[in-house]
Every structure is written in C-alpha cells, then in structure tokens.
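Worksheet: the structure to be examined is printed underneath.
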Amino acid sequence: MIKGKVSVIMPCYNSAKTIISSIHSILNQSYKNFELIIIDDGSTDNSIDVINSLYDTRIHLIENKSNIGVAKSRNKGICFSQSEFIAFCDSDDLWESNKLELQIEKLEDYDIVCSNYQIIDENELHIKTVTKVQIFGYNQMLRENLIPNSSGIYNAGKIGKVYQKDIGNEDYLMWLQLISKSKTPVYRIDQNLMKYRRLSTSLSSNKLKSAKWTLNIYLNELKLGYLKTIYYFSMYVIQGIRKHY
C-alpha cells in the first residue's frame with residue numbers, strides 16, 4: 001500500500017446537478033496526497049460529461065456498463081485502491097478544505113476517524129449542525145450510526161479492506177465491521193468538516209425502510225440474538241426520534 005496516500009471513493013448515479021461541487025470540495029483539499037476514484041453506475045444523465053470536463057490526474061473514473069447499485073460500485077473503488085487510507089464522499093455531499101489534513105493527523109493514533117457535520121438542503125442551505133461524542137466504540141455505534149459515510153476515513157493498512165454488502169444501510173454495516181476489527185476506538189473531530197446534503201429523493205430519508213434495514217443488520221448480519229436486537233433497536237428508534245425533534 002502507498003503510505004500516506006488517501007483513496008476517496010465516490011459512487012455516482014445521475015448526479016450531474018451536484019457532483020461538480022462534490023468533486024471540487026475534494027480537489028481543493030489542503031492535504032494533497034490523494035486520489036479520487038469515481039464509479040459511475042450507469043448514469044442516464046450527463047454525469048460522465050460533467051466528470052470528464054474536470055481534467056485532473058488525481059481523478060480516476062470507472063464506468064459500470066449497467067446499474068449495479070451503490071454497494072457494489074463502492075466495492076469497485078475499494079478494490080481499485082492501493083492507498084494506506086480509504087475515505088468516502090457521496091456525489092451530493094461536500095468536504096471542508098481541511099478535512100483530510102485534520103483527519104490524517106488523528107490517524108496517527110486512531111484507526112478510524114470521523115467528524116461533526118452540517119446537514120444542508122438541495123440548495124446547500126444550512127439545516128442544522130450535528131455534534132456527537134468524541135471517542136466511541138462498537139457498542140455505542142450499535143445504538144446509533146455515529147459515522148455518516150462521507151465523514152469517515154480509516155487506515156486500510158492496519159485494518160485491511162472491508163467491502164460492502166448489497167443490502168440497505170450497507171455503509172452502517174461496513175463501519176461496524178471496521179470498528180470490530182480496529183484496535184483503537186473511533187475518534188470524532190469536534191469540527192464540522194463535512195456537509196451532508198439531505199435530498200427529498202434519498203433512500204435513507206425513508207425512515208421506515210431505514211428501520212427495517214437496521215433490524216436486518218442486527219438479526220441477520222451481526223446475529224446479535226433477539227434480546228440484544230430488541231435493546232439496540234430500541235436505542236436506534238429513540239435516537240431517531242431525538243434527531244427528528
């Protein structure tokens with residue numbers, strides 16, 4: 001693996017309206033030792049034209065011949081990566097320019113790092129700021145998804161690569177698996193380093209579906225058993241209600 005280098009994995013499907021801003025937010029990072037791996041998942045709009053209009057040797061575009069879904073698309077990017085660190089940014093989210101720089105510093109002591117973040121609407125207007133506990137582990141992550149995918153980065157050189165399953169909430173399961181393999185807790189930087197764009201068409205915006213997906217992870221993927229599943233799912237529901245209000 002290439003020491004000190006970051007592979008940023010970005011799946012794209014019909015994201016022509018938002019991906020240009022997302023790409024710029026990565027290319028403008030103060031930490032320069034990175035590559036951006038974009039996987040276009042059979043877009044039917046002009047996403048590929050938009051991506052190709054930005055000539056930069058750090059951008060690698062992988063084009064799926066047909067739509068295979070976000071999990072398998074991310075897995076292609078993870079497989080392509082030979083970097084020490086792996087991070088993710090969805091094609092509608094935005095990074096602050098110092099995100100990688102601050103996170104790389106913390107990765108000297110922690111295997112997984114995330115950050116506080118802002119939620120914005122489709123027009124990039126601020127909705128709210130989300131802050132959480134600064135240091136946490138596996139059990140806390142079971143109670144609540146504390147790592148929005150676009151805020152997280154991990155040391156693949158130490159933990160190894162973890163690929164996503166083609167299920168709902170695939171990123172949540174991946175981070176849980178990474179935490180279970182890590183020898184350190186997760187460190188959250190107490191700054192807003194990412195902007196999560198809340199879209200009305202987002203799959204995760206359907207709370208009932210998200211709840212079913214999480215229940216499936218507890219029962220069938222992690223095999224927690226019924227008592228632990230009831231406990232952690234109750235915590236998940238409570239946290240969801242708190243987020244809403």
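Note on naming: chains are A, B, ... as they come in the structure tokens, residues start from 1 per chain, ligands start from 1 in the order shown.
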Show which residues sit within 10 Å of Asn28 of chain A, as a list of chain:residue names. Count only C-alpha atoms, and ignore same-chain residues fewer than 4 positions away.
-> A:Ile23, A:His24, A:Lys32, A:Trp95, A:Glu96, A:Ser97, A:Asn98
Export of prior selection with C-alpha atoms as a PDB file, in the first residue's frame:
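Output saved as again_6.pdb:
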ATOM      1  CA  ILE A  23     -15.554  16.938  -6.755  1.00  0.00           C
ATOM      2  CA  HIS A  24     -14.295  20.493  -6.273  1.00  0.00           C
ATOM      3  CA  LYS A  32      -2.629  16.843  -1.422  1.00  0.00           C
ATOM      4  CA  TRP A  95     -15.999  18.460   2.319  1.00  0.00           C
ATOM      5  CA  GLU A  96     -14.370  21.392   4.044  1.00  0.00           C
ATOM      6  CA  SER A  97     -10.915  22.083   2.601  1.00  0.00           C
ATOM      7  CA  ASN A  98      -9.039  20.952   5.740  1.00  0.00           C
TER       8      ASN A  98
END
Might you pull out every residue within 10 Å of Cys114 of chain A, with only C-alpha atoms counted and same-chain residues fewer than 6 positions away left off, and present them as a PyMOL selection string?
-> chain A and resi 87+99+103+106+134-135+146-154+186-191+193-194
The distance between atom CA of Cys12 of chain A and atom CA of Ser30 of chain A is 23.9 Å
Quick one: of A:Tyr55, A:Phe34, A:Tyr218, A:Tyr110, who's nearest to Tyr236 of chain A, counting only C-alpha atoms?
-> A:Tyr218
Please give the complete set of residues from segment 5-206 of chain A that DSSP, run on the backbone, assigns to helix (DSSP H, G or I), formatted as a PyMOL selection string.
-> chain A and resi 19-27+47-52+70-80+99-106+138-143+149-151+156-159+170-181+203-205
Output C-alpha atoms for every residue in the selection just made, as a PDB file, in the first residue's frame.
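Written file, again03.pdb:
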ATOM      1  CA  ILE A  19     -21.283  16.106  -8.393  1.00  0.00           C
ATOM      2  CA  ILE A  20     -19.345  19.111  -9.695  1.00  0.00           C
ATOM      3  CA  SER A  21     -19.451  20.756  -6.256  1.00  0.00           C
ATOM      4  CA  SER A  22     -18.585  17.496  -4.526  1.00  0.00           C
ATOM      5  CA  ILE A  23     -15.554  16.938  -6.755  1.00  0.00           C
ATOM      6  CA  HIS A  24     -14.295  20.493  -6.273  1.00  0.00           C
ATOM      7  CA  SER A  25     -14.560  20.135  -2.493  1.00  0.00           C
ATOM      8  CA  ILE A  26     -12.168  17.176  -2.707  1.00  0.00           C
ATOM      9  CA  LEU A  27      -9.756  18.617  -5.266  1.00  0.00           C
ATOM     10  CA  SER A  47     -22.817  12.861 -15.234  1.00  0.00           C
ATOM     11  CA  ILE A  48     -19.906  11.392 -17.198  1.00  0.00           C
ATOM     12  CA  ASP A  49     -19.605  14.534 -19.330  1.00  0.00           C
ATOM     13  CA  VAL A  50     -19.511  16.646 -16.174  1.00  0.00           C
ATOM     14  CA  ILE A  51     -16.809  14.458 -14.631  1.00  0.00           C
ATOM     15  CA  ASN A  52     -14.707  14.452 -17.804  1.00  0.00           C
ATOM     16  CA  VAL A  70     -24.188   1.770  -4.669  1.00  0.00           C
ATOM     17  CA  ALA A  71     -22.642  -1.022  -2.560  1.00  0.00           C
ATOM     18  CA  LYS A  72     -21.119  -2.894  -5.497  1.00  0.00           C
ATOM     19  CA  SER A  73     -19.985   0.400  -7.022  1.00  0.00           C
ATOM     20  CA  ARG A  74     -18.197   1.413  -3.819  1.00  0.00           C
ATOM     21  CA  ASN A  75     -16.630  -2.057  -3.703  1.00  0.00           C
ATOM     22  CA  LYS A  76     -15.120  -1.479  -7.144  1.00  0.00           C
ATOM     23  CA  GLY A  77     -13.482   1.674  -5.807  1.00  0.00           C
ATOM     24  CA  ILE A  78     -12.238  -0.079  -2.671  1.00  0.00           C
ATOM     25  CA  CYS A  79     -10.788  -2.891  -4.814  1.00  0.00           C
ATOM     26  CA  PHE A  80      -9.059  -0.342  -7.107  1.00  0.00           C
ATOM     27  CA  LYS A  99     -10.950  17.690   6.276  1.00  0.00           C
ATOM     28  CA  LEU A 100      -8.246  15.279   5.163  1.00  0.00           C
ATOM     29  CA  GLU A 101      -5.430  17.262   6.750  1.00  0.00           C
ATOM     30  CA  LEU A 102      -7.018  17.175  10.219  1.00  0.00           C
ATOM     31  CA  GLN A 103      -8.094  13.561   9.905  1.00  0.00           C
ATOM     32  CA  ILE A 104      -4.680  12.320   8.743  1.00  0.00           C
ATOM     33  CA  GLU A 105      -3.145  13.851  11.885  1.00  0.00           C
ATOM     34  CA  LYS A 106      -5.519  11.855  14.088  1.00  0.00           C
ATOM     35  CA  TYR A 138     -18.550  -0.744  18.798  1.00  0.00           C
ATOM     36  CA  ASN A 139     -21.375  -0.835  21.366  1.00  0.00           C
ATOM     37  CA  GLN A 140     -22.051   2.883  21.025  1.00  0.00           C
ATOM     38  CA  MET A 141     -22.117   2.505  17.250  1.00  0.00           C
ATOM     39  CA  LEU A 142     -24.711  -0.265  17.614  1.00  0.00           C
ATOM     40  CA  ARG A 143     -27.020   2.152  19.437  1.00  0.00           C
ATOM     41  CA  ASN A 149     -20.350   7.733   5.336  1.00  0.00           C
ATOM     42  CA  SER A 150     -18.945  10.921   3.821  1.00  0.00           C
ATOM     43  CA  SER A 151     -17.344  11.936   7.124  1.00  0.00           C
ATOM     44  CA  ALA A 156      -6.689   0.217   5.475  1.00  0.00           C
ATOM     45  CA  GLY A 157      -3.016  -0.540   6.053  1.00  0.00           C
ATOM     46  CA  LYS A 158      -3.771  -1.534   9.647  1.00  0.00           C
ATOM     47  CA  ILE A 159      -7.379  -2.776   9.498  1.00  0.00           C
ATOM     48  CA  GLU A 170     -24.667  -1.006   3.750  1.00  0.00           C
ATOM     49  CA  ASP A 171     -22.388   1.781   4.938  1.00  0.00           C
ATOM     50  CA  TYR A 172     -23.557   1.374   8.560  1.00  0.00           C
ATOM     51  CA  LEU A 173     -22.717  -2.341   8.465  1.00  0.00           C
ATOM     52  CA  MET A 174     -19.310  -1.628   6.894  1.00  0.00           C
ATOM     53  CA  TRP A 175     -18.318   0.832   9.624  1.00  0.00           C
ATOM     54  CA  LEU A 176     -19.474  -1.598  12.316  1.00  0.00           C
ATOM     55  CA  GLN A 177     -17.286  -4.295  10.776  1.00  0.00           C
ATOM     56  CA  LEU A 178     -14.334  -1.915  10.567  1.00  0.00           C
ATOM     57  CA  ILE A 179     -14.733  -0.902  14.218  1.00  0.00           C
ATOM     58  CA  SER A 180     -14.871  -4.564  15.249  1.00  0.00           C
ATOM     59  CA  LYS A 181     -11.509  -5.119  13.525  1.00  0.00           C
ATOM     60  CA  LEU A 203     -33.369   6.337   0.069  1.00  0.00           C
ATOM     61  CA  SER A 204     -32.226   6.917   3.633  1.00  0.00           C
ATOM     62  CA  SER A 205     -34.861   9.632   4.037  1.00  0.00           C
TER      63      SER A 205
END
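Separating atom CA of Tyr231 of chain A from atom CA of Ala211 of chain A is a distance of 13.9 Å.
Every protein or nucleic acid residue with an atom no more than 8 Å from Pro11 of chain A, counting only C-alpha atoms and leaving out same-chain residues fewer than 2 positions away, appears here: Ile9, Tyr13, Ile38, Ile39, Asp40, Asp41, Val70, Ser73, Arg74, Asp90 and Ser91 of chain A.
With only C-alpha atoms as the atoms that count, the minimum distance from Trp213 of chain A to the choices A:Asn169, A:Asn192, A:Asn46, A:Ser81 is reached by A:Asn169.
If you measure from each of A:Ile112, A:Ile230, A:Val6, A:Leu61 to Tyr31 of chain A using only C-alpha atoms, the closest one turns out to be A:Val6.
Residues in contact with Gln118 of chain A at 7 Å, where only C-alpha atoms are counted and same-chain residues fewer than 2 positions away are skipped, are listed as A:Ile120, A:Lys128, A:Thr129, A:Val130, A:Asn192, A:Met194, A:Lys195, A:Tyr196.
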For the selection you just gave me, I'd like the residues written to a file as a PDB file, in the first residue's frame, keeping N, CA and C atoms.
ATOM      1  N   ILE A 120     -27.394  20.051   5.027  1.00  0.00           N
ATOM      2  CA  ILE A 120     -27.835  21.122   4.136  1.00  0.00           C
ATOM      3  C   ILE A 120     -28.957  20.593   3.241  1.00  0.00           C
ATOM      4  N   LYS A 128     -29.080  22.128   9.895  1.00  0.00           N
ATOM      5  CA  LYS A 128     -28.633  22.044  11.284  1.00  0.00           C
ATOM      6  C   LYS A 128     -27.229  21.471  11.337  1.00  0.00           C
ATOM      7  N   THR A 129     -26.603  21.624  12.497  1.00  0.00           N
ATOM      8  CA  THR A 129     -25.277  21.079  12.760  1.00  0.00           C
ATOM      9  C   THR A 129     -25.412  19.871  13.677  1.00  0.00           C
ATOM     10  N   VAL A 130     -24.676  18.823  13.371  1.00  0.00           N
ATOM     11  CA  VAL A 130     -24.754  17.590  14.153  1.00  0.00           C
ATOM     12  C   VAL A 130     -23.425  17.367  14.872  1.00  0.00           C
ATOM     13  N   ASN A 192     -16.957  20.849  12.135  1.00  0.00           N
ATOM     14  CA  ASN A 192     -17.822  20.487  11.010  1.00  0.00           C
ATOM     15  C   ASN A 192     -16.977  20.414   9.746  1.00  0.00           C
ATOM     16  N   MET A 194     -17.719  18.235   7.124  1.00  0.00           N
ATOM     17  CA  MET A 194     -18.481  17.678   6.005  1.00  0.00           C
ATOM     18  C   MET A 194     -19.878  18.268   5.984  1.00  0.00           C
ATOM     19  N   LYS A 195     -20.414  18.413   4.784  1.00  0.00           N
ATOM     20  CA  LYS A 195     -21.799  18.857   4.619  1.00  0.00           C
ATOM     21  C   LYS A 195     -22.586  17.746   3.949  1.00  0.00           C
ATOM     22  N   TYR A 196     -23.582  17.253   4.653  1.00  0.00           N
ATOM     23  CA  TYR A 196     -24.437  16.178   4.152  1.00  0.00           C
ATOM     24  C   TYR A 196     -25.674  16.781   3.521  1.00  0.00           C
TER      25      TYR A 196
END
